[in-house]
file work35.txt (compact mmCIF, C-alpha atoms)
# COMPACT_ATOMS: atom_id res chain seq x y z
CA MET I 23 77.41 -66.17 -49.16
CA ALA I 24 73.61 -66.12 -48.88
CA ALA I 25 73.89 -64.52 -45.43
CA ALA I 26 76.18 -61.82 -46.82
CA SER I 27 73.74 -61.11 -49.66
CA SER I 28 70.88 -60.89 -47.18
CA THR I 29 72.84 -58.44 -45.01
CA THR I 30 73.70 -56.31 -48.03
CA ALA I 31 70.06 -56.24 -49.13
CA THR I 32 68.90 -55.31 -45.63
CA THR I 33 71.46 -52.50 -45.46
CA ALA I 34 70.32 -51.17 -48.82
CA ILE I 35 66.68 -51.22 -47.72
CA LEU I 36 67.49 -49.37 -44.48
CA ALA I 37 69.49 -46.79 -46.42
CA ALA I 38 66.58 -46.28 -48.80
CA VAL I 39 64.18 -45.82 -45.86
CA ILE I 40 66.50 -43.26 -44.24
CA ILE I 41 66.81 -41.33 -47.50
CA SER I 42 63.04 -41.39 -47.92
CA LEU I 43 62.44 -40.11 -44.39
CA ALA I 44 65.01 -37.36 -44.83
CA GLY I 45 63.60 -36.26 -48.17
CA ALA I 46 61.36 -33.60 -46.66
CA ALA I 47 64.37 -31.49 -45.60
CA THR I 48 67.52 -30.67 -47.53
CA THR I 49 69.68 -29.45 -44.64
CA VAL I 50 71.20 -31.79 -42.04
CA ASP I 51 70.95 -30.54 -38.43
CA ALA I 52 69.19 -27.30 -39.42
CA LYS I 53 67.43 -27.02 -36.07
CA PHE I 54 67.24 -23.39 -34.98
CA ARG I 55 68.62 -22.65 -31.53
CA ALA I 56 68.32 -19.66 -29.20
CA MET I 57 70.82 -16.86 -29.78
CA GLN I 58 72.76 -14.76 -27.26
CA TRP I 59 71.22 -12.07 -25.07
CA THR I 60 71.59 -8.52 -26.45
CA PRO I 61 70.58 -5.09 -25.05
CA ALA I 62 67.85 -3.01 -26.72
CA HIS I 63 64.75 -0.99 -25.79
CA ALA I 64 61.03 -1.68 -25.97
CA THR I 65 57.98 0.55 -26.29
CA PHE I 66 54.33 -0.29 -26.99
CA TYR I 67 51.57 0.89 -29.30
CA GLY I 68 47.81 0.72 -29.10
CA ASP I 69 45.77 -0.03 -25.99
CA GLU I 70 44.88 -3.06 -23.89
CA THR I 71 42.69 -4.50 -26.64
CA ALA I 72 45.65 -4.67 -29.04
CA SER I 73 43.28 -3.72 -31.85
CA GLU I 74 45.91 -1.48 -33.46
CA THR I 75 48.29 -4.42 -33.82
CA MET I 76 45.92 -6.35 -36.08
CA GLY I 77 47.03 -6.53 -39.70
CA GLY I 78 50.50 -5.07 -39.91
CA ALA I 79 53.31 -5.10 -42.44
CA CYS I 80 53.72 -8.88 -42.38
CA GLY I 81 50.21 -9.38 -43.73
CA TYR I 82 48.96 -11.81 -41.09
CA GLY I 83 45.58 -10.06 -40.87
CA ASN I 84 43.57 -10.83 -37.75
CA LEU I 85 46.27 -12.01 -35.34
CA TYR I 86 43.80 -14.05 -33.31
CA ALA I 87 42.64 -15.95 -36.38
CA SER I 88 46.19 -16.50 -37.60
CA GLY I 89 47.27 -17.85 -34.21
CA TYR I 90 49.58 -15.10 -32.95
CA GLY I 91 47.24 -13.36 -30.51
CA THR I 92 48.59 -10.34 -28.63
CA ASP I 93 52.09 -11.62 -27.91
CA THR I 94 53.45 -9.65 -30.85
CA ALA I 95 55.94 -6.96 -31.76
CA ALA I 96 56.67 -4.47 -34.50
CA LEU I 97 60.37 -4.62 -35.32
CA SER I 98 62.73 -1.79 -36.17
CA THR I 99 64.05 -1.75 -39.74
CA THR I 100 67.26 -3.49 -38.70
CA LEU I 101 65.38 -6.53 -37.39
CA PHE I 102 62.52 -6.45 -39.90
CA LYS I 103 64.91 -7.06 -42.82
CA ASP I 104 62.49 -6.01 -45.58
CA GLY I 105 59.95 -8.54 -44.35
CA TYR I 106 62.29 -11.49 -43.95
CA GLY I 107 62.06 -10.95 -40.18
CA CYS I 108 58.32 -11.66 -40.20
CA GLY I 109 57.37 -14.57 -37.99
CA THR I 110 60.59 -14.59 -35.97
CA CYS I 111 60.32 -15.02 -32.20
CA TYR I 112 62.04 -13.08 -29.44
CA GLN I 113 62.33 -13.55 -25.71
CA MET I 114 63.00 -10.44 -23.64
CA ARG I 115 63.21 -9.13 -20.09
CA CYS I 116 62.89 -5.60 -18.78
CA VAL I 117 66.15 -4.63 -17.03
CA GLY I 118 67.78 -1.75 -15.19
CA THR I 119 64.76 0.38 -14.28
CA ALA I 120 62.24 0.57 -11.44
CA SER I 121 59.48 0.14 -14.02
CA CYS I 122 60.44 -3.52 -14.49
CA TYR I 123 58.31 -6.02 -12.64
CA ARG I 124 59.91 -7.86 -9.75
CA GLY I 125 61.93 -10.86 -10.88
CA SER I 126 62.30 -9.47 -14.41
CA PRO I 127 59.80 -11.90 -15.98
CA ALA I 128 60.56 -13.02 -19.52
CA ILE I 129 58.04 -12.67 -22.33
CA THR I 130 58.10 -14.21 -25.82
CA VAL I 131 56.70 -12.36 -28.82
CA THR I 132 56.36 -12.92 -32.56
CA ALA I 133 57.30 -10.32 -35.16
CA THR I 134 54.15 -9.31 -37.04
CA ASN I 135 54.73 -5.68 -38.00
CA LEU I 136 57.29 -3.00 -38.89
CA CYS I 137 58.14 -0.09 -36.62
CA PRO I 138 59.12 2.51 -39.25
CA PRO I 139 61.95 4.97 -38.73
CA ASN I 140 61.24 8.57 -37.77
CA TRP I 141 64.13 10.62 -39.14
CA ALA I 142 62.76 13.82 -37.62
CA GLU I 143 63.58 12.48 -34.14
CA ASP I 144 66.94 11.60 -32.58
CA PRO I 145 66.80 9.01 -29.77
CA ASP I 146 70.32 9.97 -28.67
CA ARG I 147 68.95 13.38 -27.74
CA GLY I 148 66.02 12.04 -25.76
CA GLY I 149 63.46 12.26 -28.53
CA GLY I 150 61.65 9.57 -30.48
CA GLY I 151 63.08 7.74 -33.44
CA TRP I 152 63.73 4.59 -31.46
CA CYS I 153 63.17 2.47 -34.55
CA ASN I 154 65.71 4.36 -36.65
CA PRO I 155 68.52 2.22 -38.11
CA PRO I 156 70.82 0.80 -36.94
CA ARG I 157 68.95 0.35 -33.65
CA ALA I 158 67.35 -2.94 -32.65
CA HIS I 159 64.00 -1.96 -31.14
CA PHE I 160 60.71 -3.62 -30.26
CA ASP I 161 57.37 -1.82 -30.35
CA LEU I 162 55.19 -4.29 -28.48
CA SER I 163 51.48 -4.71 -28.17
CA LYS I 164 50.39 -3.10 -24.91
CA PRO I 165 49.27 -6.45 -23.38
CA ALA I 166 52.74 -7.91 -24.06
CA PHE I 167 54.51 -4.86 -22.62
CA MET I 168 52.36 -4.98 -19.49
CA ARG I 169 53.52 -8.52 -18.73
CA MET I 170 57.08 -7.36 -18.07
CA ALA I 171 56.89 -3.67 -17.06
CA ASP I 172 54.66 -0.82 -15.88
CA TRP I 173 53.08 0.62 -19.02
CA ARG I 174 53.38 4.16 -17.62
CA ALA I 175 57.13 4.01 -18.26
CA GLY I 176 56.48 4.24 -22.00
CA ILE I 177 59.91 2.88 -22.88
CA VAL I 178 62.17 0.47 -20.99
CA PRO I 179 65.60 -1.07 -21.55
CA VAL I 180 65.49 -4.80 -22.27
CA MET I 181 67.75 -7.76 -22.83
CA TYR I 182 66.51 -9.85 -25.73
CA ARG I 183 67.42 -12.94 -27.67
CA ARG I 184 65.95 -14.62 -30.68
CA VAL I 185 64.47 -18.02 -29.83
CA PRO I 186 62.87 -20.94 -31.70
CA CYS I 187 59.19 -20.47 -32.48
CA ALA I 188 56.95 -23.12 -30.94
CA ARG I 189 53.98 -23.74 -33.22
CA ALA I 190 51.21 -26.35 -33.14
CA GLY I 191 50.57 -28.17 -36.40
CA GLY I 192 51.96 -27.51 -39.85
CA LEU I 193 52.65 -24.46 -41.99
CA ARG I 194 49.59 -22.46 -43.05
CA PHE I 195 49.13 -20.90 -46.48
CA ALA I 196 46.55 -18.12 -46.90
CA LEU I 197 45.89 -17.85 -50.65
CA GLN I 198 44.86 -14.75 -52.57
CA GLY I 199 45.14 -13.55 -56.17
CA ASN I 200 43.40 -14.26 -59.46
CA PRO I 201 43.49 -17.02 -62.13
CA TYR I 202 46.86 -15.74 -63.39
CA TRP I 203 48.51 -14.71 -60.12
CA LEU I 204 48.89 -16.57 -56.82
CA LEU I 205 49.76 -14.71 -53.61
CA ALA I 206 50.48 -16.93 -50.59
CA TYR I 207 50.92 -15.69 -47.03
CA VAL I 208 52.95 -18.19 -45.01
CA MET I 209 52.00 -18.43 -41.34
CA ASN I 210 52.48 -20.64 -38.28
CA VAL I 211 56.16 -21.15 -39.14
CA ALA I 212 58.07 -23.06 -36.45
CA GLY I 213 61.82 -23.18 -35.84
CA ALA I 214 63.46 -19.95 -37.01
CA GLY I 215 59.98 -18.65 -37.88
CA ASP I 216 61.05 -16.99 -41.12
CA VAL I 217 60.81 -17.75 -44.85
CA GLY I 218 63.54 -16.92 -47.34
CA ASP I 219 62.45 -18.73 -50.48
CA MET I 220 59.46 -20.62 -51.78
CA TRP I 221 58.25 -22.75 -54.71
CA VAL I 222 54.83 -24.03 -55.78
CA LYS I 223 53.84 -27.00 -57.91
CA ALA I 224 50.38 -27.77 -59.29
CA GLY I 225 49.16 -31.34 -59.62
CA GLY I 226 51.26 -34.49 -59.60
CA GLY I 227 53.31 -33.63 -62.68
CA GLY I 228 55.03 -30.55 -64.01
CA GLY I 229 57.88 -28.62 -62.49
CA TRP I 230 58.31 -26.35 -59.52
CA VAL I 231 57.57 -22.65 -60.03
CA ARG I 232 59.81 -20.39 -58.00
CA MET I 233 57.84 -17.71 -56.16
CA SER I 234 59.13 -14.18 -55.61
CA HIS I 235 58.97 -12.27 -52.35
CA ASN I 236 56.10 -9.80 -52.53
CA TRP I 237 56.09 -8.09 -49.13
CA GLY I 238 56.04 -9.12 -45.48
CA ALA I 239 55.36 -12.85 -45.23
CA SER I 240 53.87 -13.21 -48.73
CA TYR I 241 55.22 -14.86 -51.87
CA GLN I 242 53.80 -14.70 -55.39
CA ALA I 243 53.76 -16.71 -58.60
CA PHE I 244 52.55 -15.45 -61.97
CA ALA I 245 51.07 -18.72 -63.24
CA GLN I 246 47.76 -20.44 -63.88
CA LEU I 247 47.49 -22.95 -61.04
CA GLY I 248 43.74 -23.36 -60.59
CA GLY I 249 41.95 -26.70 -60.64
CA GLN I 250 44.96 -28.65 -59.37
CA ALA I 251 46.20 -29.63 -55.92
CA LEU I 252 49.06 -27.40 -54.76
CA SER I 253 52.31 -28.40 -53.10
CA PHE I 254 54.92 -26.00 -51.72
CA LYS I 255 58.63 -26.06 -50.96
CA VAL I 256 59.66 -23.54 -48.30
CA THR I 257 63.17 -22.50 -47.26
CA SER I 258 64.00 -20.84 -43.95
CA TYR I 259 65.73 -17.47 -44.33
CA THR I 260 67.95 -18.10 -41.30
CA THR I 261 68.84 -21.79 -41.37
CA GLY I 262 68.55 -22.57 -45.09
CA GLN I 263 66.49 -25.65 -44.27
CA THR I 264 63.99 -26.57 -47.00
CA ILE I 265 60.88 -28.62 -46.35
CA LEU I 266 58.37 -30.09 -48.76
CA ALA I 267 54.70 -29.52 -48.02
CA ALA I 268 53.04 -31.92 -50.43
CA GLY I 269 49.34 -31.84 -51.27
CA VAL I 270 48.58 -28.78 -49.16
CA THR I 271 45.38 -27.99 -51.04
CA PRO I 272 42.79 -30.11 -52.85
CA ALA I 273 42.26 -29.54 -56.56
CA SER I 274 39.16 -27.52 -55.65
CA TRP I 275 41.11 -24.92 -53.64
CA CYS I 276 39.80 -21.33 -53.57
CA PHE I 277 41.22 -17.86 -53.10
CA GLY I 278 40.44 -16.36 -49.71
CA LEU I 279 40.95 -19.60 -47.80
CA THR I 280 43.81 -20.82 -45.61
CA TYR I 281 45.23 -24.33 -45.97
CA GLN I 282 47.41 -26.16 -43.46
CA ALA I 283 50.28 -28.49 -44.34
CA ARG I 284 51.30 -31.58 -42.39
CA VAL I 285 54.92 -30.46 -41.97
CA ASN I 286 56.80 -27.66 -40.23
CA PHE I 287 60.36 -26.59 -39.48
CA SER I 288 62.34 -27.92 -36.53

call {"tool": "encode", "arguments": {"input": "work35.txt", "output": "structure tokens"}}
result
Amino acid sequence: MAAASSTTATTAILAAVIISLAGAATTVDAKFRAMQWTPAHATFYGDETASETMGGACGYGNLYASGYGTDTAALSTTLFKDGYGCGTCYQMRCVGTASCYRGSPAITVTATNLCPPNWAEDPDRGGGGWCNPPRAHFDLSKPAFMRMADWRAGIVPVMYRRVPCARAGGLRFALQGNPYWLLAYVMNVAGAGDVGDMWVKAGGGGGWVRMSHNWGASYQAFAQLGGQALSFKVTSYTTGQTILAAGVTPASWCFGLTYQARVNFS
């Protein structure tokens, strides 16, 4: 009888440990996996320095400082999804043209910008407008384009697929705003790379404040949150997985700084 009680107690303890370890994510087996290969086209913008790719509609600012570098792309409206496509990662190969490099090398890029539609042009008639809906199109940085094709081609057909984003370290939150309004840019997102919902909580007590999507990769809360440590809950737009980033900032946090969490998506 004592042995049975001991076994029951041990089982209960193990169950509690498992629940505790799983508490940072609400979705079971939410790991993002590579999708199927799909045809599209790719162009490039800017020059070899990629200076024109800095900033962009996702709000990542200096792409070197935010960790994305020059392996980036501006997405057509269809893929950009009103900013919910920010941070997603794509693998692609140049195919079907002499401008492709031998062996059709694959490149991987992160979505950091929007390629806006040009309704004055019709791509079906040989003009521009490659980013017009419903087309899937990638306007790459020139350094990224040059790793798979001769830049003199201007535009090349590609096969692409969305892939998991490999990121070092935890989520990063770049904070802006004023004492009554918090604007957080979410960066360095692993897994699916995207964010679909977000909450913030100040201090150890109190409730979670749901943040609204502002634009690109930024979320906002109209609340007074200064002088307290901030925690965030972040949900992936694609997988629905939610993770808890507790104690991301100290109580002395400041606007204009970026803080890194200890957790990230799978």

call {"tool": "atom_distance", "arguments": {"input": "work35.txt", "atom1": "CA of Ser126 in chain I", "atom2": "CA of Arg174 in chain I"}}
result
16.6 Å

call {"tool": "closest_residue", "arguments": {"input": "work35.txt", "among": "I:Met181, I:Asp104, I:Ala206, I:Leu162", "to": "Ala128 in chain I", "atoms": "all atoms listed in the file"}}
result
I:Met181

call {"tool": "residues_near_point", "arguments": {"input": "work35.txt", "point": "(67.7, 1.2, -34.4)", "cutoff": "10 Å", "atoms": "only C-alpha atoms", "output": "PyMOL selection string"}}
result
chain I and resi 62-63+97-101+137-139+145+151-160

call {"tool": "closest_residue", "arguments": {"input": "work35.txt", "among": "I:Met57, I:Ala196, I:Val117, I:Ala52", "to": "Ala87 in chain I", "atoms": "only C-alpha atoms"}}
result
I:Ala196

call {"tool": "closest_residue", "arguments": {"input": "work35.txt", "among": "I:Leu252, I:Val208, I:Ala120, I:Ala188", "to": "Lys223 in chain I", "atoms": "all atoms listed in the file"}}
result
I:Leu252

call {"tool": "closest_residue", "arguments": {"input": "work35.txt", "among": "I:Phe244, I:Met114, I:Gly150, I:Gly83", "to": "Arg184 in chain I", "atoms": "all atoms listed in the file"}}
result
I:Met114

call {"tool": "residues_around", "arguments": {"input": "work35.txt", "residues": "Pro61 in chain I", "least_positions_apart": "3", "cutoff": "8 Å", "atoms": "all atoms listed in the file", "output": "ChimeraX atom specification"}}
result
/I:179-182

call {"tool": "closest_residue", "arguments": {"input": "work35.txt", "among": "I:Gly77, I:Gly278, I:Gly192, I:Gly269", "to": "Tyr90 in chain I", "atoms": "only C-alpha atoms"}}
result
I:Gly77

call {"tool": "residues_around", "arguments": {"input": "work35.txt", "residues": "Gly225 in chain I", "least_positions_apart": "3", "cutoff": "9 Å", "atoms": "all atoms listed in the file", "output": "PDB file with C-alpha atoms, in the coordinates of the input"}}
result
ATOM      1  CA  GLY I 228      55.030 -30.550 -64.010  1.00  0.00           C
ATOM      2  CA  LEU I 247      47.490 -22.950 -61.040  1.00  0.00           C
ATOM      3  CA  GLY I 249      41.950 -26.700 -60.640  1.00  0.00           C
ATOM      4  CA  GLN I 250      44.960 -28.650 -59.370  1.00  0.00           C
ATOM      5  CA  ALA I 251      46.200 -29.630 -55.920  1.00  0.00           C
ATOM      6  CA  LEU I 252      49.060 -27.400 -54.760  1.00  0.00           C
ATOM      7  CA  SER I 253      52.310 -28.400 -53.100  1.00  0.00           C
ATOM      8  CA  GLY I 269      49.340 -31.840 -51.270  1.00  0.00           C
ATOM      9  CA  ALA I 273      42.260 -29.540 -56.560  1.00  0.00           C
TER      10      ALA I 273
END

call {"tool": "atom_distance", "arguments": {"input": "work35.txt", "atom1": "CA of Asn135 in chain I", "atom2": "CA of Gly118 in chain I"}}
result
26.6 Å

call {"tool": "atom_distance", "arguments": {"input": "work35.txt", "atom1": "CA of Asp216 in chain I", "atom2": "CA of Gly105 in chain I"}}
result
9.1 Å

call {"tool": "closest_residue", "arguments": {"input": "work35.txt", "among": "I:Ala96, I:Ser240, I:Met168, I:Ala283", "to": "Met76 in chain I", "atoms": "only C-alpha atoms"}}
result
I:Ala96

call {"tool": "build_atoms", "arguments": {"input": "work35.txt", "residues": "range 89-115 of chain I", "atoms": "N, CA, C and O atoms", "output": "short mmCIF file (atom, residue, chain, number, x, y, z; two decimals), in the frame of the given file"}}
result
data_model
loop_
_atom_site.label_atom_id
_atom_site.label_comp_id
_atom_site.auth_asym_id
_atom_site.auth_seq_id
_atom_site.Cartn_x
_atom_site.Cartn_y
_atom_site.Cartn_z
N GLY I 89 46.61 -17.09 -35.27
CA GLY I 89 47.27 -17.85 -34.21
C GLY I 89 48.32 -17.12 -33.41
O GLY I 89 48.96 -17.72 -32.54
N TYR I 90 48.51 -15.82 -33.65
CA TYR I 90 49.58 -15.10 -32.95
C TYR I 90 49.07 -14.34 -31.72
O TYR I 90 49.86 -14.04 -30.82
N GLY I 91 47.80 -14.03 -31.68
CA GLY I 91 47.24 -13.36 -30.51
C GLY I 91 47.83 -11.99 -30.27
O GLY I 91 48.10 -11.24 -31.20
N THR I 92 48.06 -11.66 -28.99
CA THR I 92 48.59 -10.34 -28.63
C THR I 92 50.06 -10.37 -28.23
O THR I 92 50.62 -9.33 -27.89
N ASP I 93 50.67 -11.53 -28.25
CA ASP I 93 52.09 -11.62 -27.91
C ASP I 93 52.92 -11.31 -29.16
O ASP I 93 53.58 -12.18 -29.73
N THR I 94 52.87 -10.04 -29.57
CA THR I 94 53.45 -9.65 -30.85
C THR I 94 54.28 -8.38 -30.72
O THR I 94 54.18 -7.64 -29.74
N ALA I 95 55.09 -8.14 -31.75
CA ALA I 95 55.94 -6.96 -31.76
C ALA I 95 56.10 -6.43 -33.18
O ALA I 95 56.11 -7.19 -34.14
N ALA I 96 56.22 -5.10 -33.27
CA ALA I 96 56.67 -4.47 -34.50
C ALA I 96 58.17 -4.27 -34.37
O ALA I 96 58.65 -3.76 -33.35
N LEU I 97 58.92 -4.67 -35.38
CA LEU I 97 60.37 -4.62 -35.32
C LEU I 97 60.91 -3.36 -35.99
O LEU I 97 60.35 -2.86 -36.97
N SER I 98 62.03 -2.87 -35.49
CA SER I 98 62.73 -1.79 -36.17
C SER I 98 63.26 -2.31 -37.50
O SER I 98 63.35 -3.52 -37.74
N THR I 99 63.60 -1.39 -38.40
CA THR I 99 64.05 -1.75 -39.74
C THR I 99 65.18 -2.76 -39.73
O THR I 99 65.22 -3.69 -40.54
N THR I 100 66.09 -2.60 -38.79
CA THR I 100 67.26 -3.49 -38.70
C THR I 100 66.85 -4.93 -38.49
O THR I 100 67.44 -5.85 -39.07
N LEU I 101 65.84 -5.16 -37.68
CA LEU I 101 65.38 -6.53 -37.39
C LEU I 101 64.34 -7.01 -38.39
O LEU I 101 64.23 -8.21 -38.64
N PHE I 102 63.59 -6.08 -38.98
CA PHE I 102 62.52 -6.45 -39.90
C PHE I 102 63.07 -7.03 -41.21
O PHE I 102 62.45 -7.90 -41.82
N LYS I 103 64.19 -6.52 -41.65
CA LYS I 103 64.91 -7.06 -42.82
C LYS I 103 64.02 -7.15 -44.07
O LYS I 103 63.95 -8.20 -44.73
N ASP I 104 63.35 -6.06 -44.38
CA ASP I 104 62.49 -6.01 -45.58
C ASP I 104 61.44 -7.12 -45.60
O ASP I 104 61.05 -7.59 -46.67
N GLY I 105 61.00 -7.53 -44.44
CA GLY I 105 59.95 -8.54 -44.35
C GLY I 105 60.45 -9.94 -44.06
O GLY I 105 59.67 -10.81 -43.67
N TYR I 106 61.75 -10.17 -44.23
CA TYR I 106 62.29 -11.49 -43.95
C TYR I 106 62.36 -11.79 -42.45
O TYR I 106 62.60 -12.92 -42.04
N GLY I 107 62.13 -10.75 -41.63
CA GLY I 107 62.06 -10.95 -40.18
C GLY I 107 60.67 -11.30 -39.70
O GLY I 107 60.47 -11.58 -38.51
N CYS I 108 59.68 -11.30 -40.59
CA CYS I 108 58.32 -11.66 -40.20
C CYS I 108 58.27 -13.09 -39.66
O CYS I 108 58.86 -14.00 -40.23
N GLY I 109 57.54 -13.25 -38.56
CA GLY I 109 57.37 -14.57 -37.99
C GLY I 109 58.44 -15.00 -37.02
O GLY I 109 58.31 -16.04 -36.36
N THR I 110 59.53 -14.23 -36.90
CA THR I 110 60.59 -14.59 -35.97
C THR I 110 60.13 -14.35 -34.53
O THR I 110 59.25 -13.54 -34.27
N CYS I 111 60.74 -15.07 -33.61
CA CYS I 111 60.32 -15.02 -32.20
C CYS I 111 61.44 -14.51 -31.31
O CYS I 111 62.61 -14.86 -31.52
N TYR I 112 61.06 -13.69 -30.35
CA TYR I 112 62.04 -13.08 -29.44
C TYR I 112 61.59 -13.22 -28.00
O TYR I 112 60.42 -13.04 -27.67
N GLN I 113 62.56 -13.54 -27.15
CA GLN I 113 62.33 -13.55 -25.71
C GLN I 113 63.02 -12.31 -25.14
O GLN I 113 64.13 -11.97 -25.57
N MET I 114 62.37 -11.63 -24.21
CA MET I 114 63.00 -10.44 -23.64
C MET I 114 62.60 -10.25 -22.19
O MET I 114 61.56 -10.75 -21.73
N ARG I 115 63.44 -9.49 -21.48
CA ARG I 115 63.21 -9.13 -20.09
C ARG I 115 63.47 -7.64 -19.93
O ARG I 115 64.42 -7.10 -20.50
#
